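Okay, my_file-v4.csv is below, CSV, C-alpha atoms:
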```
chain,number,residue,atom,x,y,z
A,1420,MET,CA,133.7,93.9,32.2
A,1421,LYS,CA,131.8,96.3,29.9
A,1422,ASN,CA,128.1,96.0,29.3
A,1423,ARG,CA,126.8,95.1,25.8
A,1424,HIS,CA,125.3,98.2,24.1
A,1425,PRO,CA,121.8,97.5,22.6
A,1426,LEU,CA,122.9,99.0,19.3
A,1427,LEU,CA,125.8,96.6,18.8
A,1428,ASP,CA,125.5,94.6,15.5
A,1429,THR,CA,122.8,97.0,14.3
A,1430,GLN,CA,123.0,98.2,10.7
A,1431,VAL,CA,122.8,102.0,10.5
A,1432,GLU,CA,123.3,105.0,8.3
A,1433,LEU,CA,125.1,107.9,10.0
A,1434,VAL,CA,125.1,111.6,9.3
A,1435,ILE,CA,128.2,113.2,10.8
A,1436,SER,CA,129.5,116.8,10.6
A,1437,GLY,CA,130.5,117.4,7.0
A,1438,LYS,CA,129.6,113.9,5.8
A,1439,ALA,CA,126.4,112.2,5.0
A,1440,GLY,CA,125.3,108.6,4.3
A,1441,ILE,CA,128.0,106.5,6.1
A,1442,ARG,CA,126.5,103.0,6.3
A,1443,GLY,CA,127.6,100.0,8.2
A,1444,LYS,CA,127.3,97.8,11.2
A,1445,ILE,CA,128.1,99.0,14.7
A,1446,ILE,CA,130.9,96.9,16.0
A,1447,ASP,CA,131.7,98.7,19.3
A,1448,PHE,CA,130.3,101.5,21.3
A,1449,GLY,CA,131.9,103.6,24.0
A,1450,PRO,CA,130.8,106.7,26.0
A,1451,ASP,CA,132.3,109.1,23.4
A,1452,ILE,CA,133.0,107.0,20.3
A,1453,LEU,CA,131.5,104.3,18.1
A,1454,VAL,CA,133.0,101.8,15.7
A,1455,LEU,CA,131.3,101.2,12.4
A,1456,TYR,CA,132.2,98.5,9.8
A,1457,ASN,CA,131.2,99.2,6.2
A,1458,GLY,CA,132.2,95.9,4.8
A,1459,VAL,CA,135.7,97.1,3.9
A,1460,GLN,CA,136.9,99.6,6.6
A,1461,PHE,CA,136.4,100.3,10.3
A,1462,PHE,CA,135.3,103.9,11.1
A,1463,TYR,CA,136.1,105.2,14.6
A,1464,ILE,CA,133.6,108.1,15.0
A,1465,PRO,CA,133.5,110.5,18.0
A,1466,LEU,CA,129.9,110.7,19.1
A,1467,ILE,CA,130.1,114.5,19.4
A,1468,HIS,CA,130.0,114.7,15.6
A,1469,MET,CA,127.1,112.2,15.1
A,1470,GLN,CA,124.2,114.4,13.9
A,1471,GLN,CA,121.8,111.6,13.1
A,1472,MET,CA,121.7,107.8,13.1
A,1473,ARG,CA,119.1,105.8,11.3
A,1474,VAL,CA,118.6,102.0,11.6
A,1475,ILE,CA,118.4,100.4,8.1
A,1476,TYR,CA,116.9,97.1,7.1
A,1477,ASP,CA,117.6,97.2,3.3
A,1478,ASP,CA,121.4,97.2,3.3
A,1479,GLU,CA,122.6,94.8,0.6
A,1480,GLN,CA,126.1,94.6,2.2
A,1481,ASN,CA,126.8,91.3,4.0
A,1482,TYR,CA,128.6,91.9,7.3
A,1483,SER,CA,128.6,88.3,8.5
A,1484,SER,CA,132.3,87.9,8.0
A,1485,THR,CA,133.5,90.9,9.9
A,1486,PRO,CA,137.3,90.7,10.4
A,1487,GLU,CA,139.1,91.3,13.7
A,1488,LEU,CA,139.3,94.9,14.9
A,1489,PRO,CA,142.5,96.7,14.1
A,1490,PHE,CA,143.1,97.4,17.8
A,1491,GLU,CA,143.3,94.9,20.7
A,1492,PRO,CA,139.9,94.5,22.4
A,1493,TYR,CA,139.3,96.3,25.6
A,1494,ASN,CA,138.1,94.8,28.9
A,1495,ASP,CA,136.3,98.0,29.6
A,1496,SER,CA,134.7,100.5,27.3
A,1497,ILE,CA,136.6,101.9,24.4
A,1498,SER,CA,137.2,105.7,24.4
A,1499,PHE,CA,138.3,108.3,21.9
A,1500,ARG,CA,141.5,108.9,23.7
A,1501,LYS,CA,142.3,105.1,23.9
A,1502,ILE,CA,141.8,104.8,20.2
A,1503,LEU,CA,144.1,107.8,19.4
A,1504,LEU,CA,146.8,106.3,21.7
A,1505,ASN,CA,146.5,102.9,20.2
A,1506,SER,CA,146.6,104.3,16.6
A,1507,LYS,CA,150.1,105.8,17.1
A,1508,GLY,CA,152.3,104.6,14.3
A,1509,MET,CA,149.5,102.9,12.5
A,1510,PHE,CA,148.8,104.2,9.0
A,1511,SER,CA,145.3,105.7,9.0
A,1512,GLU,CA,142.9,108.0,7.2
A,1513,ILE,CA,141.4,110.9,9.2
A,1514,TYR,CA,138.7,113.4,8.3
A,1515,ILE,CA,138.6,116.8,9.8
A,1516,THR,CA,137.3,119.4,7.4
A,1517,GLY,CA,136.3,120.2,3.9
A,1518,ASN,CA,136.2,117.6,1.1
A,1519,GLN,CA,139.4,115.8,1.8
A,1520,SER,CA,140.9,113.3,4.2
A,1521,ILE,CA,144.5,113.2,5.4
A,1522,HIS,CA,146.5,110.0,5.2
A,1523,GLY,CA,149.4,109.2,7.6
A,1524,TYR,CA,149.7,108.3,11.2
A,1525,VAL,CA,149.4,109.7,14.7
A,1526,THR,CA,152.7,110.5,16.3
A,1527,ALA,CA,151.7,112.1,19.6
A,1528,VAL,CA,148.6,112.6,21.8
A,1529,MET,CA,148.5,115.5,24.1
A,1530,ASN,CA,145.8,116.9,26.5
A,1531,ASP,CA,143.3,118.2,23.9
A,1532,PHE,CA,145.1,117.8,20.5
A,1533,PHE,CA,147.2,115.3,18.7
A,1534,VAL,CA,149.9,115.3,16.0
A,1535,PHE,CA,149.3,113.6,12.7
A,1536,TYR,CA,152.2,113.1,10.2
A,1537,SER,CA,151.2,113.2,6.6
A,1538,PRO,CA,153.4,112.9,3.4
A,1539,ILE,CA,151.6,115.9,2.0
A,1540,TYR,CA,151.2,118.2,5.1
A,1541,HIS,CA,154.0,116.7,7.3
A,1542,SER,CA,153.3,117.3,11.0
A,1543,VAL,CA,149.8,118.7,11.6
A,1544,MET,CA,148.5,119.7,15.1
A,1545,ILE,CA,144.8,118.8,15.3
A,1546,SER,CA,142.3,119.7,17.9
A,1547,MET,CA,140.7,116.5,19.2
A,1548,ARG,CA,137.2,118.0,19.2
A,1549,HIS,CA,137.4,118.6,15.5
A,1550,LEU,CA,138.3,115.0,14.4
A,1551,LYS,CA,135.3,113.5,12.6
A,1552,TYR,CA,136.5,110.0,12.1
A,1553,LEU,CA,139.6,107.8,12.0
A,1554,VAL,CA,140.0,104.8,9.6
A,1555,PRO,CA,143.0,102.5,10.2
A,1556,TYR,CA,144.6,100.9,7.2
A,1557,ASN,CA,145.4,97.2,6.9
A,1558,ALA,CA,148.7,96.4,8.5
A,1559,ASN,CA,150.5,95.8,5.1
A,1560,VAL,CA,149.3,99.1,3.5
A,1561,THR,CA,151.1,102.4,3.4
A,1562,PRO,CA,149.8,105.7,2.0
A,1563,TYR,CA,150.4,106.2,-1.7
A,1564,SER,CA,152.5,102.9,-1.7
A,1565,LEU,CA,155.4,104.9,-0.3
A,1566,SER,CA,158.4,103.0,1.1
A,1567,ALA,CA,159.7,103.4,4.6
A,1568,GLU,CA,162.5,105.6,3.2
A,1569,GLN,CA,160.0,107.9,1.5
A,1570,PHE,CA,157.7,108.0,4.4
A,1571,PRO,CA,159.6,107.5,7.7
A,1572,LEU,CA,157.9,106.2,10.8
A,1573,LYS,CA,160.1,108.6,12.9
A,1574,PRO,CA,159.6,112.2,11.5
A,1575,THR,CA,161.6,115.1,12.9
A,1576,PRO,CA,160.6,115.4,16.6
A,1577,LEU,CA,158.6,118.5,17.6
A,1578,THR,CA,158.6,120.4,20.9
A,1579,LEU,CA,155.0,120.1,22.0
A,1580,ALA,CA,152.9,121.9,24.5
A,1581,ARG,CA,150.3,120.2,26.7
A,1582,THR,CA,147.3,122.0,25.2
A,1583,PHE,CA,146.2,123.1,21.7
A,1584,ASP,CA,146.0,126.8,22.9
A,1585,GLN,CA,149.6,126.7,24.2
A,1586,GLN,CA,150.8,124.9,21.0
A,1587,ILE,CA,149.3,127.6,18.8
A,1588,ARG,CA,151.0,130.3,20.9
A,1589,LYS,CA,154.3,128.6,20.3
A,1590,HIS,CA,154.0,129.6,16.7
A,1591,MET,CA,153.6,133.3,17.2
A,1592,GLY,CA,155.5,135.2,14.6
A,1593,GLN,CA,155.8,132.1,12.3
A,1594,PHE,CA,154.2,131.4,8.9
A,1595,VAL,CA,151.4,129.0,9.6
A,1596,VAL,CA,148.6,127.2,7.8
A,1597,ILE,CA,145.3,126.9,9.5
A,1598,ASP,CA,142.7,124.2,8.6
A,1599,LEU,CA,145.0,122.6,6.0
A,1600,GLY,CA,145.0,125.8,3.8
A,1601,GLU,CA,141.4,125.2,2.7
A,1602,ASN,CA,140.8,128.9,2.9
A,1603,PRO,CA,143.8,130.9,1.6
A,1604,ARG,CA,143.0,133.7,4.1
A,1605,LYS,CA,143.8,131.3,6.9
A,1606,THR,CA,147.5,131.0,5.7
A,1607,GLY,CA,150.0,133.6,6.8
A,1608,VAL,CA,152.0,135.0,9.7
A,1609,LEU,CA,150.5,134.5,13.1
A,1610,LYS,CA,150.7,138.0,14.5
A,1611,ASN,CA,148.8,137.9,17.8
A,1612,ILE,CA,146.3,136.0,19.9
A,1613,ASP,CA,143.9,138.1,22.1
A,1614,LEU,CA,140.5,137.3,23.6
A,1615,ASN,CA,140.5,133.9,21.7
A,1616,LEU,CA,141.0,135.7,18.4
A,1617,LEU,CA,144.0,134.7,16.2
A,1618,GLU,CA,145.3,137.5,14.0
A,1619,ILE,CA,146.8,136.3,10.7
A,1620,ALA,CA,148.6,138.6,8.3
A,1621,ASP,CA,147.6,137.2,4.9
A,1622,ALA,CA,149.5,137.4,1.5
A,1623,SER,CA,148.3,141.0,1.0
A,1624,GLY,CA,149.4,142.0,4.5
A,1625,SER,CA,145.8,142.4,5.7
A,1626,SER,CA,144.8,141.2,9.1
A,1627,VAL,CA,142.4,138.2,9.2
A,1628,PHE,CA,140.9,137.3,12.6
A,1629,ILE,CA,139.9,133.7,13.4
A,1630,HIS,CA,138.2,132.6,16.6
A,1631,TYR,CA,140.1,129.9,18.5
A,1632,ASP,CA,137.1,127.6,18.6
A,1633,HIS,CA,137.1,127.4,14.8
A,1634,VAL,CA,140.7,126.5,14.5
A,1635,LYS,CA,140.7,122.8,13.6
A,1636,THR,CA,144.3,122.3,12.6
A,1637,ILE,CA,147.6,124.2,12.4
A,1638,HIS,CA,150.8,123.3,10.7
A,1639,LEU,CA,154.0,124.9,9.4
A,1640,PRO,CA,154.4,124.7,5.6
```

Would it be possible to restate this file's structure as structure tokens?
Amino acid sequence: MKNRHPLLDTQVELVISGKAGIRGKIIDFGPDILVLYNGVQFFYIPLIHMQQMRVIYDDEQNYSSTPELPFEPYNDSISFRKILLNSKGMFSEIYITGNQSIHGYVTAVMNDFFVFYSPIYHSVMISMRHLKYLVPYNANVTPYSLSAEQFPLKPTPLTLARTFDQQIRKHMGQFVVIDLGENPRKTGVLKNIDLNLLEIADASGSSVFIHYDHVKTIHLP
């Protein structure tokens, strides 16, 4: 049986990578992830991205009627990987980079990356270490109110590698979008990977080099 963490039921304000001022009550705590309830949603936040946490005493939100967790409770500690595996097929919001979130669902979990299917981006390969948070939807909610026909639960299957590095190499010579296309210079043909540098030929034909450690997502347009 897991031990009760001293921060459970504490009201806090979190600063995570790229986001500031997420307030709520800590519902669960694991070795590499915490669960925060903000009165409306549950945030599953990998601890590696928690830059600062402050206990707050003046929060006007009432958390006394916290609903059941979206996932079944664990007899032992929750973990980042367990949450990803349990979220497969569950409509969710995830935040990775920039000013936007992605809405969809996890379709596969590999060694160090997972695949997230979105009605906008379709199948996106995401490095686990770059996921900032995951927020599950209510069971009766779908993104953009799409029907099952418009947003199928079984997208076209992909041939996946075990690791993110191997998956990227599978797309050599293909037109790819890096980091959701936030930077247009990260969209183009993947020409080469050498010494952890990805070479992308952009729209002008110029070579753009991106270090592997800074590749958060990759998908095919």

Considering all atoms listed in the file, tabulate each residue of range 1483-1557 of chain A that lies at most 7 Å from range 1582-1602 of chain A along with its nearest interatomic pair and the corresponding distance in Å to one decimal; arrange the rows by chain and ascending residue number and present them as JSON lines.
```
{"residue": "A:Met1529", "atom": "CA", "partner": "A:Thr1582", "partner_atom": "CA", "distance": 6.7}
{"residue": "A:Asn1530", "atom": "CA", "partner": "A:Thr1582", "partner_atom": "CA", "distance": 5.5}
{"residue": "A:Asp1531", "atom": "CA", "partner": "A:Thr1582", "partner_atom": "CA", "distance": 5.7}
{"residue": "A:Phe1532", "atom": "CA", "partner": "A:Phe1583", "partner_atom": "CA", "distance": 5.5}
{"residue": "A:Ser1546", "atom": "CA", "partner": "A:Phe1583", "partner_atom": "CA", "distance": 6.4}
```

Output C-alpha atoms for every residue in that selection, as a CSV table (one decimal), keeping the file's coordinate frame.
```
chain,number,residue,atom,x,y,z
A,1529,MET,CA,148.5,115.5,24.1
A,1530,ASN,CA,145.8,116.9,26.5
A,1531,ASP,CA,143.3,118.2,23.9
A,1532,PHE,CA,145.1,117.8,20.5
A,1546,SER,CA,142.3,119.7,17.9
```

Choose the residue, out of A:Leu1426, A:Met1509, A:Ala1527, A:Val1627, that has the smallest atom-to-atom separation from Tyr1556 in chain A; count only C-alpha atoms.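 Checking each candidate against Tyr1556 in chain A, we get A:Met1509 as the closest.
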
Skip Tyr1540 in chain A itself and residues of its chain fewer than 6 positions away, then list as a list in words all residues within 9 Å of it, counting all atoms listed in the file.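 Non-adjacent residues within range: Ile1521, Leu1599, His1638, Leu1639 and Pro1640 of chain A.
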
Taking all atoms listed in the file into account, which of A:Ala1620, A:Leu1433, A:Val1454, A:Met1544 comes nearest Lys1605 in chain A?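 Between A:Ala1620, A:Leu1433, A:Val1454, A:Met1544, the residue approaching Lys1605 in chain A most closely is A:Ala1620.
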
Pairwise distance, CA of Ile1637 in chain A with CA of Lys1501 in chain A, equals 22.9 Å

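CA of Tyr1514 in chain A is found 22.8 Å from CA of Glu1487 in chain A.
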
Exercise: residues within 10 Å of coordinate (138.2, 104.8, 21.9), counting only C-alpha atoms, as a list in words: Asp1447, Phe1448, Gly1449, Pro1450, Asp1451, Ile1452, Leu1453, Val1454, Tyr1463, Ile1464, Pro1465, Phe1490, Tyr1493, Ser1496, Ile1497, Ser1498, Phe1499, Arg1500, Lys1501, Ile1502, Leu1503, Leu1504, Asn1505 and Ser1506 of chain A

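Among the candidate residues A:Lys1610, A:His1541, A:His1633, A:Lys1551, the one lying nearest to Phe1462 in chain A is A:Lys1551, with distances computed using only C-alpha atoms.
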
Using all atoms listed in the file, determine which residues lie at most 10 Å from Tyr1563 in chain A, disregarding the query and same-chain residues fewer than 3 positions distant; provide the list as a PyMOL selection string. chain A and resi 1522-1523+1538+1560+1566+1570

Which residue of A:Ile1435, A:Ala1580, A:Leu1616, A:Ile1441 approaches Val1634 in chain A most closely, using only C-alpha atoms: A:Leu1616

Using only C-alpha atoms, which residue out of A:Val1474, A:Met1547, A:Val1534, A:Ile1629 lies closest to Leu1577 in chain A? A:Val1534

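Computed from the coordinates, the CA of Lys1444 in chain A to CA of Tyr1552 in chain A distance equals 15.3 Å.
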
Please provide as a count of residues only all residues within 10 Å of Leu1488 in chain A, with the sequence filter that same-chain residues fewer than 2 positions apart are discarded (counting only C-alpha atoms). 12

Protein, DNA and RNA residues within 8 Å of (151.9, 136.6, 6.2), only C-alpha atoms, as a list in words: Phe1594, Thr1606, Gly1607, Val1608, Leu1609, Ile1619, Ala1620, Asp1621, Ala1622, Ser1623 and Gly1624 of chain A

From the set A:Ile1467, A:Ala1558, A:Ile1475, A:Ile1445, which residue has the shortest atom-to-atom contact distance to Gly1508 in chain A, counting all atoms listed in the file?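 Residue with the minimum atom-to-atom distance to Gly1508 in chain A: A:Ala1558.
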
Need the shell around Arg1442 in chain A: protein/DNA/RNA residues with any atom at most 8 Å away, counting only C-alpha atoms. Skip same-chain ones fewer than 2 positions apart. Format as a ChimeraX atom specification? /A:1430-1433,1440,1444,1455,1457

Final N, CA and C atoms of range 1572-1593 of chain A as a short mmCIF file (atom, residue, chain, number, x, y, z; two decimals), in the frame of the given file:
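Result file selection24.cif:
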```cif
data_model
loop_
_atom_site.label_atom_id
_atom_site.label_comp_id
_atom_site.auth_asym_id
_atom_site.auth_seq_id
_atom_site.Cartn_x
_atom_site.Cartn_y
_atom_site.Cartn_z
N LEU A 1572 158.77 106.37 9.66
CA LEU A 1572 157.90 106.20 10.80
C LEU A 1572 158.38 107.12 11.99
N LYS A 1573 159.55 107.73 11.85
CA LYS A 1573 160.10 108.60 12.90
C LYS A 1573 160.38 109.98 12.28
N PRO A 1574 159.37 110.83 12.10
CA PRO A 1574 159.60 112.20 11.50
C PRO A 1574 160.41 113.01 12.53
N THR A 1575 160.85 114.18 12.07
CA THR A 1575 161.60 115.10 12.90
C THR A 1575 160.79 115.40 14.18
N PRO A 1576 161.36 115.17 15.38
CA PRO A 1576 160.60 115.40 16.60
C PRO A 1576 160.25 116.88 16.79
N LEU A 1577 159.09 117.12 17.40
CA LEU A 1577 158.60 118.50 17.60
C LEU A 1577 158.62 118.76 19.14
N THR A 1578 158.79 120.02 19.49
CA THR A 1578 158.60 120.40 20.90
C THR A 1578 157.14 120.78 21.06
N LEU A 1579 156.44 119.97 21.86
CA LEU A 1579 155.00 120.10 22.00
C LEU A 1579 154.57 120.66 23.31
N ALA A 1580 153.51 121.46 23.29
CA ALA A 1580 152.90 121.90 24.50
C ALA A 1580 151.84 120.95 24.96
N ARG A 1581 151.29 121.16 26.15
CA ARG A 1581 150.30 120.20 26.70
C ARG A 1581 148.92 120.45 26.01
N THR A 1582 148.59 121.71 25.71
CA THR A 1582 147.30 122.00 25.20
C THR A 1582 147.36 122.65 23.80
N PHE A 1583 146.25 122.59 23.07
CA PHE A 1583 146.20 123.10 21.70
C PHE A 1583 146.42 124.66 21.75
N ASP A 1584 145.84 125.33 22.73
CA ASP A 1584 146.00 126.80 22.90
C ASP A 1584 147.49 127.13 23.05
N GLN A 1585 148.17 126.41 23.95
CA GLN A 1585 149.60 126.70 24.20
C GLN A 1585 150.42 126.36 22.94
N GLN A 1586 150.03 125.30 22.22
CA GLN A 1586 150.80 124.90 21.00
C GLN A 1586 150.66 126.03 19.96
N ILE A 1587 149.46 126.57 19.79
CA ILE A 1587 149.30 127.60 18.80
C ILE A 1587 150.15 128.85 19.17
N ARG A 1588 150.19 129.18 20.46
CA ARG A 1588 151.00 130.30 20.90
C ARG A 1588 152.48 130.13 20.67
N LYS A 1589 152.93 128.89 20.61
CA LYS A 1589 154.30 128.60 20.30
C LYS A 1589 154.73 129.06 18.93
N HIS A 1590 153.73 129.21 18.05
CA HIS A 1590 154.00 129.60 16.70
C HIS A 1590 153.82 131.05 16.37
N MET A 1591 153.74 131.86 17.42
CA MET A 1591 153.60 133.30 17.20
C MET A 1591 154.79 133.82 16.42
N GLY A 1592 154.49 134.63 15.41
CA GLY A 1592 155.50 135.20 14.60
C GLY A 1592 155.95 134.30 13.42
N GLN A 1593 155.40 133.08 13.35
CA GLN A 1593 155.80 132.10 12.30
C GLN A 1593 154.72 132.11 11.19
#
```
